[in-house]
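target-v1.cif, holding mmCIF, C-alpha atoms:
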```cif
data_final
#
loop_
_atom_site.label_atom_id
_atom_site.label_comp_id
_atom_site.auth_asym_id
_atom_site.auth_seq_id
_atom_site.Cartn_x
_atom_site.Cartn_y
_atom_site.Cartn_z
CA MET A 1450 -99.26 -63.64 42.74
CA SER A 1451 -98.30 -60.50 44.65
CA ILE A 1452 -94.82 -59.34 43.68
CA ASN A 1453 -92.93 -56.82 45.81
CA VAL A 1454 -90.71 -54.89 43.41
CA GLU A 1455 -89.37 -52.39 45.92
CA LEU A 1456 -87.81 -54.88 48.40
CA THR A 1457 -87.47 -52.09 50.96
CA GLU A 1458 -88.86 -54.40 53.66
CA PRO A 1459 -86.95 -57.66 54.33
CA LEU A 1460 -88.63 -60.74 52.84
CA ILE A 1461 -88.32 -64.00 54.78
CA GLY A 1462 -88.38 -67.12 52.63
CA TYR A 1463 -86.37 -70.00 51.25
CA ILE A 1464 -83.78 -70.70 48.58
CA ILE A 1465 -85.01 -73.59 46.43
CA THR A 1466 -82.11 -75.83 45.46
CA GLY A 1467 -83.95 -79.03 44.48
CA LEU A 1468 -87.31 -80.74 44.03
CA ASN A 1469 -87.97 -81.85 47.61
CA SER A 1470 -88.60 -80.01 50.89
CA GLU A 1471 -85.16 -80.94 52.16
CA SER A 1472 -83.59 -78.94 49.33
CA THR A 1473 -84.58 -75.57 50.79
CA ILE A 1474 -82.48 -73.09 52.73
CA PRO A 1475 -84.00 -70.34 54.93
CA ALA A 1476 -82.98 -66.85 53.80
CA VAL A 1477 -83.90 -63.16 53.96
CA LEU A 1478 -83.96 -60.94 50.86
CA ARG A 1479 -83.60 -57.18 51.29
CA ASP A 1480 -82.58 -53.97 49.55
CA THR A 1481 -80.14 -52.01 51.72
CA GLY A 1482 -80.33 -48.87 49.59
CA THR A 1483 -76.89 -49.45 48.12
CA ARG A 1484 -77.14 -53.11 47.11
CA ILE A 1485 -79.42 -56.15 47.27
CA GLU A 1486 -78.55 -58.80 49.84
CA LEU A 1487 -79.66 -62.37 50.45
CA CYS A 1488 -78.84 -63.25 54.07
CA VAL A 1489 -78.52 -66.98 54.76
CA PRO A 1490 -78.54 -68.01 58.46
CA PHE A 1491 -76.94 -71.31 59.45
CA LYS A 1492 -76.50 -73.40 62.60
CA ASP A 1493 -73.12 -74.58 61.44
CA ILE A 1494 -71.16 -73.18 58.52
CA GLY A 1495 -70.61 -76.66 57.16
CA THR A 1496 -74.35 -77.39 56.92
CA VAL A 1497 -74.98 -74.91 54.12
CA PRO A 1498 -75.23 -76.91 50.87
CA GLY A 1499 -72.02 -76.55 48.94
CA CYS A 1500 -70.26 -75.06 51.97
CA TRP A 1501 -70.55 -71.66 50.20
CA PHE A 1502 -69.35 -69.60 53.15
CA VAL A 1503 -66.53 -71.81 54.39
CA SER A 1504 -63.15 -70.10 54.44
CA SER A 1505 -60.71 -72.03 52.29
CA TRP A 1506 -57.09 -72.20 51.31
CA LYS A 1507 -55.05 -73.78 48.55
CA GLU A 1508 -53.30 -77.06 49.18
CA PRO A 1509 -49.76 -77.65 47.82
CA ASN A 1510 -51.25 -79.93 45.19
CA GLY A 1511 -53.46 -77.10 43.91
CA GLY A 1512 -56.69 -78.26 45.53
CA VAL A 1513 -58.91 -76.16 47.77
CA SER A 1514 -59.98 -77.50 51.14
CA VAL A 1515 -61.12 -76.68 54.66
CA GLY A 1516 -60.49 -79.62 56.91
CA ASN A 1517 -62.55 -82.40 55.33
CA GLN A 1518 -64.84 -79.98 53.44
CA ILE A 1519 -64.44 -78.95 49.82
CA PRO A 1520 -66.37 -75.69 49.20
CA ASN A 1521 -68.22 -75.39 45.92
CA VAL A 1522 -68.53 -72.30 43.75
CA MET A 1523 -71.50 -70.10 44.58
CA PRO A 1524 -74.29 -70.78 42.02
CA HIS A 1525 -74.64 -68.00 39.48
CA GLU A 1526 -78.43 -68.05 39.95
CA LEU A 1527 -80.67 -68.80 42.90
CA LEU A 1528 -84.45 -69.12 43.19
CA PHE A 1529 -85.87 -67.42 46.27
CA VAL A 1530 -89.49 -68.07 47.30
CA CYS A 1531 -91.41 -65.95 49.79
CA SER A 1532 -95.06 -66.83 50.48
CA ALA A 1533 -96.76 -66.78 47.05
CA ALA A 1534 -94.01 -64.75 45.39
CA SER A 1535 -90.79 -65.89 43.76
CA TYR A 1536 -87.56 -64.12 42.81
CA THR A 1537 -84.69 -65.25 40.61
CA LEU A 1538 -81.32 -63.90 41.76
CA VAL A 1539 -78.85 -63.56 38.88
CA GLY A 1540 -75.11 -62.96 39.05
CA CYS A 1541 -74.75 -64.16 42.65
CA ARG A 1542 -71.47 -63.76 44.52
CA ILE A 1543 -70.35 -64.08 48.14
CA GLY A 1544 -70.61 -60.80 50.02
CA SER A 1545 -69.47 -61.78 53.49
CA SER A 1546 -69.93 -64.35 56.24
CA GLY A 1547 -69.65 -64.40 59.99
CA PHE A 1548 -70.26 -66.88 62.76
CA SER A 1549 -70.09 -67.04 66.53
CA ALA A 1550 -67.95 -69.25 68.72
CA PHE A 1551 -71.05 -71.40 69.23
CA GLY A 1552 -71.40 -72.17 65.52
CA PRO A 1553 -74.46 -70.23 64.20
CA GLY A 1554 -73.81 -67.42 61.80
CA THR A 1555 -74.95 -65.65 58.63
CA GLY A 1556 -73.68 -65.65 55.07
CA VAL A 1557 -74.47 -62.82 52.67
CA VAL A 1558 -75.03 -63.33 48.94
CA ILE A 1559 -74.98 -60.32 46.58
CA PRO A 1560 -76.95 -60.72 43.32
CA THR A 1561 -76.48 -58.36 40.37
CA TYR A 1562 -80.11 -58.63 39.23
CA VAL A 1563 -83.31 -59.73 40.95
CA VAL A 1564 -86.02 -60.93 38.55
CA CYS A 1565 -89.26 -60.34 40.44
CA GLY A 1566 -91.67 -63.14 39.57
CA GLY A 1567 -89.13 -65.45 37.98
CA ARG A 1568 -90.18 -69.05 38.56
CA GLN A 1569 -86.90 -70.80 37.80
CA ASN A 1570 -83.20 -70.17 38.13
CA ASP A 1571 -82.44 -70.10 34.40
CA TYR A 1572 -81.89 -66.42 33.71
CA ALA A 1573 -78.15 -66.33 33.01
CA LYS A 1574 -79.15 -65.47 29.45
CA ILE A 1575 -82.37 -63.79 28.41
CA ASN A 1576 -84.45 -63.52 25.24
CA GLY A 1577 -85.87 -60.08 25.85
CA LEU A 1578 -85.20 -56.85 27.72
CA ARG A 1579 -87.34 -53.73 28.11
CA THR A 1580 -86.13 -50.46 29.64
CA ARG A 1581 -87.28 -46.88 29.89
CA CYS A 1582 -85.71 -43.60 30.92
CA PRO A 1583 -86.82 -39.95 31.13
CA ASP A 1584 -87.84 -37.97 28.04
CA LEU A 1585 -88.17 -40.86 25.59
CA VAL A 1586 -91.76 -39.86 24.81
CA ARG A 1587 -90.64 -36.40 23.72
CA TRP A 1588 -87.44 -37.48 21.96
CA PHE A 1589 -89.27 -40.08 19.86
CA ASP A 1590 -92.40 -37.88 19.68
CA LEU A 1591 -94.57 -40.95 20.29
CA SER A 1592 -97.32 -39.84 22.65
CA SER A 1593 -99.94 -42.43 23.62
CA THR A 1594 -102.07 -39.89 25.49
CA SER A 1595 -103.72 -36.62 24.49
CA CYS A 1596 -105.51 -34.11 26.68
CA SER A 1597 -108.05 -31.45 25.66
CA ALA A 1598 -109.95 -29.02 27.87
CA LYS A 1599 -112.99 -26.76 27.40
CA LEU A 1600 -113.12 -23.42 29.20
CA ASP A 1601 -116.08 -21.29 30.16
CA GLU A 1602 -116.41 -17.58 29.41
CA LEU A 1603 -114.31 -16.77 32.52
CA GLY A 1604 -111.48 -19.04 31.44
CA ARG A 1605 -112.29 -21.73 33.97
CA CYS A 1606 -112.03 -25.39 33.01
CA LYS A 1607 -115.43 -27.03 32.62
CA ASP A 1608 -114.61 -30.17 30.67
CA VAL A 1609 -111.45 -32.26 30.31
CA ASN A 1610 -110.97 -35.17 27.96
CA VAL A 1611 -107.94 -37.44 28.37
CA HIS A 1612 -107.58 -40.07 25.67
CA SER A 1613 -105.00 -42.88 25.61
CA SER A 1614 -104.62 -45.33 22.75
CA THR A 1615 -102.24 -48.11 21.80
CA ILE A 1616 -99.51 -47.32 19.28
CA SER A 1617 -97.84 -50.20 17.45
CA PRO A 1618 -94.14 -50.75 18.20
CA ILE A 1619 -91.61 -49.38 15.71
CA SER A 1620 -89.05 -51.92 14.52
CA ILE A 1621 -85.63 -50.27 14.36
CA ASP A 1622 -83.27 -53.15 13.59
CA GLU A 1623 -84.56 -56.69 13.12
CA ARG A 1624 -81.02 -58.06 13.13
CA ILE A 1625 -80.68 -57.34 16.84
CA GLY A 1626 -84.40 -57.41 17.64
CA LEU A 1627 -84.45 -53.69 18.53
CA SER A 1628 -87.79 -51.90 18.62
CA ILE A 1629 -89.39 -48.88 20.27
CA SER A 1630 -92.73 -49.47 22.02
CA PRO A 1631 -95.03 -46.62 23.15
CA HIS A 1632 -96.89 -47.58 26.31
CA PHE A 1633 -99.46 -46.14 28.68
CA GLU A 1634 -101.03 -47.17 31.97
CA VAL A 1635 -103.93 -45.82 34.01
CA ALA A 1636 -104.27 -46.20 37.77
CA GLU A 1637 -107.34 -45.29 39.81
CA SER A 1638 -107.10 -44.67 43.55
CA SER A 1639 -110.22 -44.68 45.72
CA GLU A 1640 -108.15 -43.55 48.70
CA THR A 1641 -107.06 -40.30 47.08
CA ASP A 1642 -110.02 -39.93 44.69
CA SER A 1643 -107.62 -39.65 41.78
CA ILE A 1644 -107.00 -41.18 38.39
CA ILE A 1645 -103.41 -41.14 37.17
CA SER A 1646 -102.52 -41.71 33.52
CA ARG A 1647 -98.87 -42.26 32.61
CA GLN A 1648 -97.32 -42.65 29.20
CA SER A 1649 -93.83 -43.81 28.31
CA VAL A 1650 -91.74 -45.24 25.52
CA LEU A 1651 -89.97 -48.56 26.05
CA ILE A 1652 -86.70 -49.61 24.44
CA GLU A 1653 -87.02 -53.31 23.65
CA THR A 1654 -84.69 -56.02 22.42
CA LYS A 1655 -86.24 -59.41 21.73
CA MET A 1656 -84.58 -62.34 19.99
CA ASP A 1657 -85.13 -66.07 19.54
CA ARG A 1658 -81.65 -66.94 20.76
CA ALA A 1659 -80.96 -66.14 24.40
CA GLU A 1660 -78.11 -63.67 24.91
CA SER A 1661 -76.29 -62.32 27.95
CA TRP A 1662 -77.66 -59.43 29.98
CA ASP A 1663 -74.64 -57.35 28.97
CA TYR A 1664 -75.39 -57.89 25.28
CA HIS A 1665 -78.97 -56.65 25.64
CA LEU A 1666 -77.95 -53.78 27.91
CA SER A 1667 -75.24 -52.62 25.51
CA ILE A 1668 -77.94 -51.97 22.89
CA HIS A 1669 -80.24 -50.20 25.34
CA ARG A 1670 -77.39 -48.01 26.59
CA VAL A 1671 -76.62 -46.98 23.02
CA ILE A 1672 -80.14 -45.53 22.64
CA LYS A 1673 -80.05 -43.95 26.11
CA ASP A 1674 -76.66 -42.41 25.38
CA LEU A 1675 -77.86 -40.96 22.08
CA VAL A 1676 -80.76 -39.19 23.79
CA SER A 1677 -78.37 -37.88 26.47
CA ILE A 1678 -75.98 -36.54 23.82
CA THR A 1679 -78.76 -34.61 22.07
CA ASP A 1680 -79.68 -32.53 25.14
CA TRP A 1681 -76.58 -33.13 27.32
CA ASN A 1682 -78.54 -34.51 30.27
CA PRO A 1683 -77.39 -37.85 31.75
CA ARG A 1684 -80.07 -40.48 32.32
CA GLU A 1685 -80.62 -43.63 34.36
CA PHE A 1686 -83.03 -46.43 33.58
CA THR A 1687 -86.28 -45.88 35.48
CA ASP A 1688 -87.66 -49.31 34.70
CA MET A 1689 -86.41 -52.67 33.49
CA SER A 1690 -88.11 -55.98 32.75
CA VAL A 1691 -86.85 -59.22 31.19
CA MET A 1692 -88.23 -62.19 29.34
CA GLY A 1693 -86.87 -65.71 29.14
CA SER A 1694 -88.43 -68.16 26.68
CA ASP A 1695 -87.90 -70.98 29.22
CA ASP A 1696 -90.13 -69.24 31.76
CA PRO A 1697 -93.34 -68.29 29.87
CA GLN A 1698 -96.49 -66.83 31.38
CA ARG A 1699 -98.86 -69.16 29.59
CA VAL A 1700 -98.39 -72.43 27.69
CA GLU A 1701 -101.03 -74.49 25.90
CA ALA A 1702 -100.35 -77.91 24.38
CA GLY A 1703 -96.63 -77.29 24.56
CA THR A 1704 -96.88 -73.96 22.73
CA VAL A 1705 -96.02 -70.64 24.38
CA ILE A 1706 -99.12 -68.45 24.24
CA GLN A 1707 -97.86 -65.55 26.34
CA ASP A 1708 -94.36 -64.49 27.32
CA ARG A 1709 -93.58 -63.57 30.91
CA TRP A 1710 -92.10 -60.10 31.31
CA SER A 1711 -90.80 -59.75 34.86
CA PRO A 1712 -89.67 -56.49 36.52
CA VAL A 1713 -86.02 -56.29 37.55
CA VAL A 1714 -84.40 -54.72 40.60
CA SER A 1715 -80.74 -53.80 40.09
CA TYR A 1716 -77.94 -51.49 41.12
CA TYR A 1717 -75.87 -52.38 38.05
CA PRO A 1718 -77.14 -50.78 36.04
CA LEU A 1719 -79.09 -48.66 38.49
CA VAL A 1720 -82.84 -49.01 38.01
CA ASP A 1721 -84.10 -45.83 39.69
CA ARG A 1722 -87.87 -46.23 39.95
CA GLY A 1723 -88.04 -43.30 42.35
CA SER A 1724 -86.57 -40.90 39.80
CA THR A 1725 -88.76 -37.88 39.06
CA ASN A 1726 -86.40 -36.32 36.54
CA ASN A 1727 -88.37 -34.96 33.63
CA TYR A 1728 -86.02 -32.62 31.89
CA ARG A 1729 -88.28 -31.06 29.23
CA SER A 1730 -85.08 -30.20 27.43
CA ARG A 1731 -84.73 -28.96 23.89
CA PHE A 1732 -82.96 -31.58 21.83
CA LEU A 1733 -80.25 -30.63 19.37
CA PHE A 1734 -81.87 -33.26 17.15
CA SER A 1735 -84.46 -35.98 17.76
CA TYR A 1736 -85.85 -39.18 16.28
CA GLN A 1737 -88.07 -37.17 13.96
CA ASP A 1738 -84.92 -35.58 12.51
CA ILE A 1739 -82.98 -38.79 11.87
CA GLY A 1740 -85.56 -41.63 11.74
CA ASP A 1741 -84.77 -45.36 11.79
CA THR A 1742 -81.91 -44.86 9.35
CA GLY A 1743 -80.23 -42.43 11.74
CA ILE A 1744 -80.42 -44.84 14.68
CA LYS A 1745 -78.99 -47.64 12.54
CA LYS A 1746 -76.19 -45.31 11.48
CA TRP A 1747 -75.54 -44.51 15.15
CA LEU A 1748 -75.28 -48.22 15.93
CA SER A 1749 -72.76 -48.72 13.12
CA LEU A 1750 -70.85 -45.53 13.97
CA ARG A 1751 -70.32 -46.91 17.47
CA GLU A 1752 -68.28 -49.67 15.82
CA GLU A 1753 -66.65 -47.70 13.00
CA CYS A 1754 -65.50 -44.87 15.30
CA LYS A 1755 -65.59 -46.90 18.50
CA LYS A 1756 -63.16 -44.97 20.68
CA GLY A 1757 -64.56 -41.57 19.73
CA MET A 1758 -68.23 -42.47 20.17
CA THR A 1759 -67.55 -44.38 23.39
CA LEU A 1760 -65.83 -41.29 24.83
CA LEU A 1761 -68.62 -38.96 23.68
CA SER A 1762 -71.22 -41.25 25.27
CA TYR A 1763 -69.18 -41.39 28.47
CA LEU A 1764 -68.99 -37.61 28.60
CA ALA A 1765 -72.75 -37.32 28.11
CA ARG A 1766 -73.29 -39.65 31.09
CA GLU A 1767 -70.59 -38.47 33.48
CA HIS A 1768 -69.70 -34.83 32.71
CA ASN A 1769 -71.42 -33.58 35.87
CA HIS A 1770 -68.97 -35.64 37.96
CA LEU A 1771 -65.77 -34.74 36.12
CA ALA A 1772 -63.31 -31.89 36.58
CA ILE A 1773 -63.10 -29.48 33.63
CA GLU A 1774 -59.49 -30.60 33.04
CA THR A 1775 -60.72 -34.18 32.62
CA VAL A 1776 -63.61 -33.15 30.37
CA SER A 1777 -61.26 -31.01 28.28
CA THR A 1778 -58.74 -33.83 27.82
CA LEU A 1779 -61.44 -36.33 26.84
CA VAL A 1780 -63.00 -33.86 24.40
CA GLY A 1781 -59.57 -33.33 22.85
CA ILE A 1782 -59.10 -37.08 22.42
CA THR A 1783 -62.61 -37.48 21.00
CA LEU A 1784 -62.01 -34.77 18.41
CA GLU A 1785 -58.79 -36.49 17.33
CA CYS A 1786 -60.57 -39.86 17.10
CA VAL A 1787 -63.41 -38.43 15.00
CA GLY A 1788 -60.96 -36.59 12.76
CA TRP A 1789 -58.93 -39.75 12.21
CA HIS A 1790 -62.14 -41.71 11.51
CA ILE A 1791 -62.99 -39.24 8.73
CA VAL A 1792 -59.45 -39.18 7.32
CA SER A 1793 -58.95 -42.96 7.35
CA SER A 1794 -62.45 -43.89 6.11
CA GLU A 1795 -62.17 -41.41 3.22
CA ASN A 1796 -58.48 -42.21 2.61
CA GLN A 1797 -57.43 -38.55 2.84
CA GLU A 1798 -53.74 -39.03 2.05
CA ARG A 1799 -52.85 -35.37 2.63
CA ARG A 1800 -53.80 -35.72 6.30
CA MET A 1801 -52.00 -39.00 6.96
CA ASN A 1802 -48.56 -39.57 8.39
CA ARG A 1803 -46.88 -42.15 6.14
CA ARG A 1804 -43.57 -42.39 7.99
CA TYR A 1805 -44.62 -45.73 9.50
CA SER A 1806 -45.62 -49.07 8.00
CA GLU A 1807 -49.24 -48.32 8.85
CA PRO A 1808 -50.80 -44.91 8.15
CA GLN A 1809 -51.03 -42.68 11.22
CA PRO A 1810 -52.99 -39.47 11.91
CA GLY A 1811 -51.38 -36.26 10.72
CA THR A 1812 -51.23 -33.20 12.93
CA TYR A 1813 -53.93 -32.44 15.47
CA THR A 1814 -54.99 -29.37 13.48
CA GLN A 1815 -55.42 -31.54 10.39
CA MET A 1816 -57.80 -33.77 12.33
CA LEU A 1817 -59.82 -30.70 13.33
CA ASP A 1818 -59.85 -29.51 9.72
CA ALA A 1819 -61.30 -32.86 8.61
CA ILE A 1820 -64.22 -32.38 11.02
CA ILE A 1821 -64.82 -28.72 10.18
CA GLU A 1822 -65.08 -29.55 6.45
CA LYS A 1823 -68.21 -31.60 7.15
CA PHE A 1824 -70.06 -28.43 8.16
CA ASN A 1825 -69.59 -26.80 4.75
CA ASP A 1826 -70.37 -23.11 5.34
CA THR A 1827 -72.48 -23.59 8.47
CA VAL A 1828 -69.86 -24.01 11.19
CA PRO A 1829 -71.59 -22.85 14.41
CA ILE A 1830 -68.44 -21.19 15.85
CA LEU A 1831 -67.76 -17.50 15.19
CA ASN A 1832 -63.98 -17.71 14.84
CA VAL A 1833 -63.06 -21.17 13.59
CA ALA A 1834 -59.35 -20.48 13.06
CA GLU A 1835 -58.96 -19.12 16.59
CA TRP A 1836 -60.85 -22.07 18.07
CA LYS A 1837 -58.66 -24.60 16.25
CA ASP A 1838 -55.44 -22.98 17.52
CA THR A 1839 -56.76 -22.67 21.07
CA MET A 1840 -58.18 -26.22 21.06
CA ARG A 1841 -54.80 -27.57 20.04
CA ASN A 1842 -53.02 -25.57 22.74
CA VAL A 1843 -55.54 -26.66 25.39
CA TYR A 1844 -55.26 -30.31 24.35
CA VAL A 1845 -51.46 -30.30 24.30
CA GLY A 1846 -51.33 -28.28 27.54
CA ASN A 1847 -53.49 -30.85 29.31
CA LYS A 1848 -51.50 -33.81 28.00
CA HIS A 1849 -47.91 -32.75 28.42
CA ALA A 1850 -46.29 -31.69 31.67
CA GLU A 1851 -43.68 -29.46 29.99
CA THR A 1852 -46.25 -27.28 28.21
CA PRO A 1853 -48.01 -24.38 29.94
CA ALA A 1854 -51.51 -25.12 31.19
CA PRO A 1855 -54.27 -22.93 29.75
CA ASP A 1856 -56.24 -20.71 32.08
CA PHE A 1857 -59.56 -22.03 33.38
CA GLN A 1858 -61.84 -19.72 31.40
CA THR A 1859 -60.10 -20.40 28.10
CA MET A 1860 -60.14 -24.14 28.75
CA TYR A 1861 -63.85 -24.11 29.57
CA GLN A 1862 -64.96 -22.01 26.60
CA THR A 1863 -62.80 -23.92 24.12
CA THR A 1864 -63.92 -27.30 25.45
CA MET A 1865 -67.60 -26.36 25.26
CA GLN A 1866 -67.16 -25.25 21.65
CA GLY A 1867 -65.53 -28.61 20.97
CA LEU A 1868 -68.55 -30.41 22.41
CA ILE A 1869 -70.87 -28.36 20.19
CA ILE A 1870 -68.77 -29.34 17.16
CA LEU A 1871 -68.82 -33.04 18.13
CA ARG A 1872 -72.56 -33.18 18.81
CA MET A 1873 -73.47 -31.31 15.62
CA TRP A 1874 -71.07 -33.46 13.58
CA LEU A 1875 -72.84 -36.52 14.97
CA GLY A 1876 -76.23 -35.05 14.03
CA ILE A 1877 -74.99 -34.46 10.48
CA GLN A 1878 -73.83 -38.09 10.21
CA LEU A 1879 -77.22 -39.33 11.40
CA GLY A 1880 -79.18 -37.19 8.94
CA ALA A 1881 -80.17 -34.13 11.01
CA ASP A 1882 -80.43 -30.73 9.33
CA ILE A 1883 -77.46 -28.44 10.11
CA VAL A 1884 -79.46 -25.21 9.97
CA LYS A 1885 -82.13 -26.58 12.31
CA MET A 1886 -79.50 -27.73 14.82
CA GLN A 1887 -77.85 -24.32 14.64
CA LYS A 1888 -81.14 -22.64 15.52
CA MET A 1889 -81.49 -24.95 18.54
CA LEU A 1890 -78.14 -23.91 20.01
CA GLY A 1891 -79.62 -20.87 21.77
CA GLN A 1892 -81.69 -23.19 23.99
CA ASP A 1893 -79.16 -26.02 24.16
CA GLU A 1894 -77.68 -26.97 27.54
CA ILE A 1895 -74.19 -26.10 26.32
CA GLY A 1896 -75.00 -23.57 23.61
CA LYS A 1897 -76.83 -21.15 25.89
CA LYS A 1898 -73.71 -20.92 28.13
CA ILE A 1899 -71.35 -19.85 25.34
CA ARG A 1900 -73.65 -17.80 23.09
CA ASN A 1901 -70.97 -15.14 22.49
CA PHE A 1902 -68.79 -17.73 20.74
CA LEU A 1903 -71.49 -19.13 18.42
CA VAL A 1904 -72.84 -17.86 15.13
#
```
Represent the structure contained in this file as structure tokens.
Amino acid sequence: MSINVELTEPLIGYIITGLNSESTIPAVLRDTGTRIELCVPFKDIGTVPGCWFVSSWKEPNGGVSVGNQIPNVMPHELLFVCSAASYTLVGCRIGSSGFSAFGPGTGVVIPTYVVCGGRQNDYAKINGLRTRCPDLVRWFDLSSTSCSAKLDELGRCKDVNVHSSTISPISIDERIGLSISPHFEVAESSETDSIISRQSVLIETKMDRAESWDYHLSIHRVIKDLVSITDWNPREFTDMSVMGSDDPQRVEAGTVIQDRWSPVVSYYPLVDRGSTNNYRSRFLFSYQDIGDTGIKKWLSLREECKKGMTLLSYLAREHNHLAIETVSTLVGITLECVGWHIVSSENQERRMNRRYSEPQPGTYTQMLDAIIEKFNDTVPILNVAEWKDTMRNVYVGNKHAETPAPDFQTMYQTTMQGLIILRMWLGIQLGADIVKMQKMLGQDEIGKKIRNFLV
């Protein structure tokens, strides 16, 4: 079966709604560059099964009707067949519809995901998800391919050996079926006389019980966000594939012999297969520094300090698109959340406000003190006392209209120091070495911009 994953050219086919030839609807599937559309032509708007595109209104009795027609809800999933290929459209919703005075028109369906190669419309929940994004090979330090070259006496290459081998997946958390799978592929082109070898690391969740796409994606985003935090470079998924136990690749005597992993086209989340980003960044800490235990701690920290870690992850993804005032305010909130997490989890009475029935955070400076204590004598900032005072003033100045706003340069420098503190605190929690992280700051995306303020 030839599967077109790009969908850049319109595909003409049919929606399969039943078991007989009469249960098919002509349609065109295409990728517009901003979304995926399924265009459904019709002779008369009422002839489309379910009257999906019929305009409707509410009757006084609460019913919905259009003349004598009762429109049905658009199916969540549709199976689209084109020649020998098939596509399952998941998360379908009505995009638009239009028709002429003569009757014929076109309805547009917008799917959230397109499962390329899916053979049935039962992908509302999935058993497995695989994704990849830039730099995972380097962050996990799991290279499937090695390259060695021999040079002659003039320094010219005379022999090259490229070797790729399979590496067994690493199980991170069996409870949620999370594992990391090194992968490589080799492609030979007779047209260009070239052989291309690519290696990658896949994030995989696989479980017996089918779960929603959002559940799987939430786990994958957690890993992607962690990598982005360590080098402060936002990432998109460059590949995604799914597996449903109800749609296997191979079955013998009623037993599944081989699962079907089908590629996915999506704009939410964006699957950017054309991305060439390869940052080659220096990570503040990596998998080799924290191991499986560190990733598990990160997963639990996302729940224990949910607001703080959610904000830090958001900043890692979106900081390039935010004004410095917004970044500064969010960093200030994140610092307060992390400080309160430390104070409340360790029951630090001296930093709690007990004037209410439930304990509340003490002063903002006390929350900063709780974080700084975790660095012992290796705080990366030159003047900690000055930073704390300025951070408080910047935070309050951003929040309250009656307080003077800090100048741009002060806000920027103070905010960047706050991000260094947050990222290094996170590394400490996950098991990374403080001294090693401090040495990395000179090449860090943030650290190299504020070297004069760091130890």
Exercise: segment 1745-1757 of chain A partners within 8 Å, only C-alpha atoms, chain neighbours under 5 positions left out, as number ranges by chain:
A: 1621-1622, 1671, 1782-1784, 1786-1787, 1790, 1878-1879
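Minimum atom-to-atom distances from A:Met1692, A:Ile1625, A:Val1650, A:Val1558 to Asp1571 of chain A were compared using all atoms listed in the file, and the lowest value belongs to A:Met1692.
Between atom CA of Ala1854 of chain A and atom CA of Thr1814 of chain A lies a distance of 18.5 Å.
Residues matched by the PyMOL selection byres ((chain A and resi 1620) around 10) in this file: Ser1617, Pro1618, Ile1619, Ile1621, Asp1622, Glu1623, Gly1626, Leu1627, Ser1628, Ile1629, Ser1630, Glu1653, Thr1654 and Asp1741 of chain A.
Computed from the coordinates, the atom CA of Gly1547 of chain A to atom CA of Tyr1572 of chain A distance equals 29.1 Å.
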Taking N, CA and C atoms as the atom set, what does segment 1888-1899 of chain A look like once completed, written as a PDB file, keeping the file's coordinate frame?
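That gives us rebuild09.pdb:
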```pdb
ATOM      1  N   LYS A1888     -80.098 -23.458  14.897  1.00  0.00           N
ATOM      2  CA  LYS A1888     -81.140 -22.640  15.520  1.00  0.00           C
ATOM      3  C   LYS A1888     -81.440 -23.116  16.947  1.00  0.00           C
ATOM      4  N   MET A1889     -81.209 -24.396  17.218  1.00  0.00           N
ATOM      5  CA  MET A1889     -81.490 -24.950  18.540  1.00  0.00           C
ATOM      6  C   MET A1889     -80.410 -24.604  19.568  1.00  0.00           C
ATOM      7  N   LEU A1890     -79.263 -24.132  19.108  1.00  0.00           N
ATOM      8  CA  LEU A1890     -78.140 -23.910  20.010  1.00  0.00           C
ATOM      9  C   LEU A1890     -78.435 -22.867  21.090  1.00  0.00           C
ATOM     10  N   GLY A1891     -79.310 -21.900  20.789  1.00  0.00           N
ATOM     11  CA  GLY A1891     -79.620 -20.870  21.770  1.00  0.00           C
ATOM     12  C   GLY A1891     -80.323 -21.409  22.997  1.00  0.00           C
ATOM     13  N   GLN A1892     -80.983 -22.574  22.865  1.00  0.00           N
ATOM     14  CA  GLN A1892     -81.690 -23.190  23.990  1.00  0.00           C
ATOM     15  C   GLN A1892     -81.010 -24.478  24.442  1.00  0.00           C
ATOM     16  N   ASP A1893     -79.888 -24.795  23.821  1.00  0.00           N
ATOM     17  CA  ASP A1893     -79.160 -26.020  24.160  1.00  0.00           C
ATOM     18  C   ASP A1893     -78.464 -25.876  25.500  1.00  0.00           C
ATOM     19  N   GLU A1894     -78.289 -26.980  26.213  1.00  0.00           N
ATOM     20  CA  GLU A1894     -77.680 -26.970  27.540  1.00  0.00           C
ATOM     21  C   GLU A1894     -76.270 -26.389  27.517  1.00  0.00           C
ATOM     22  N   ILE A1895     -75.533 -26.657  26.449  1.00  0.00           N
ATOM     23  CA  ILE A1895     -74.190 -26.100  26.320  1.00  0.00           C
ATOM     24  C   ILE A1895     -74.231 -24.774  25.557  1.00  0.00           C
ATOM     25  N   GLY A1896     -74.977 -24.742  24.464  1.00  0.00           N
ATOM     26  CA  GLY A1896     -75.000 -23.570  23.610  1.00  0.00           C
ATOM     27  C   GLY A1896     -75.395 -22.284  24.306  1.00  0.00           C
ATOM     28  N   LYS A1897     -76.363 -22.366  25.216  1.00  0.00           N
ATOM     29  CA  LYS A1897     -76.830 -21.150  25.890  1.00  0.00           C
ATOM     30  C   LYS A1897     -75.779 -20.582  26.847  1.00  0.00           C
ATOM     31  N   LYS A1898     -74.758 -21.382  27.208  1.00  0.00           N
ATOM     32  CA  LYS A1898     -73.710 -20.920  28.130  1.00  0.00           C
ATOM     33  C   LYS A1898     -72.546 -20.246  27.402  1.00  0.00           C
ATOM     34  N   ILE A1899     -72.461 -20.451  26.097  1.00  0.00           N
ATOM     35  CA  ILE A1899     -71.350 -19.850  25.340  1.00  0.00           C
ATOM     36  C   ILE A1899     -71.888 -19.143  24.096  1.00  0.00           C
TER      37      ILE A1899
END
```
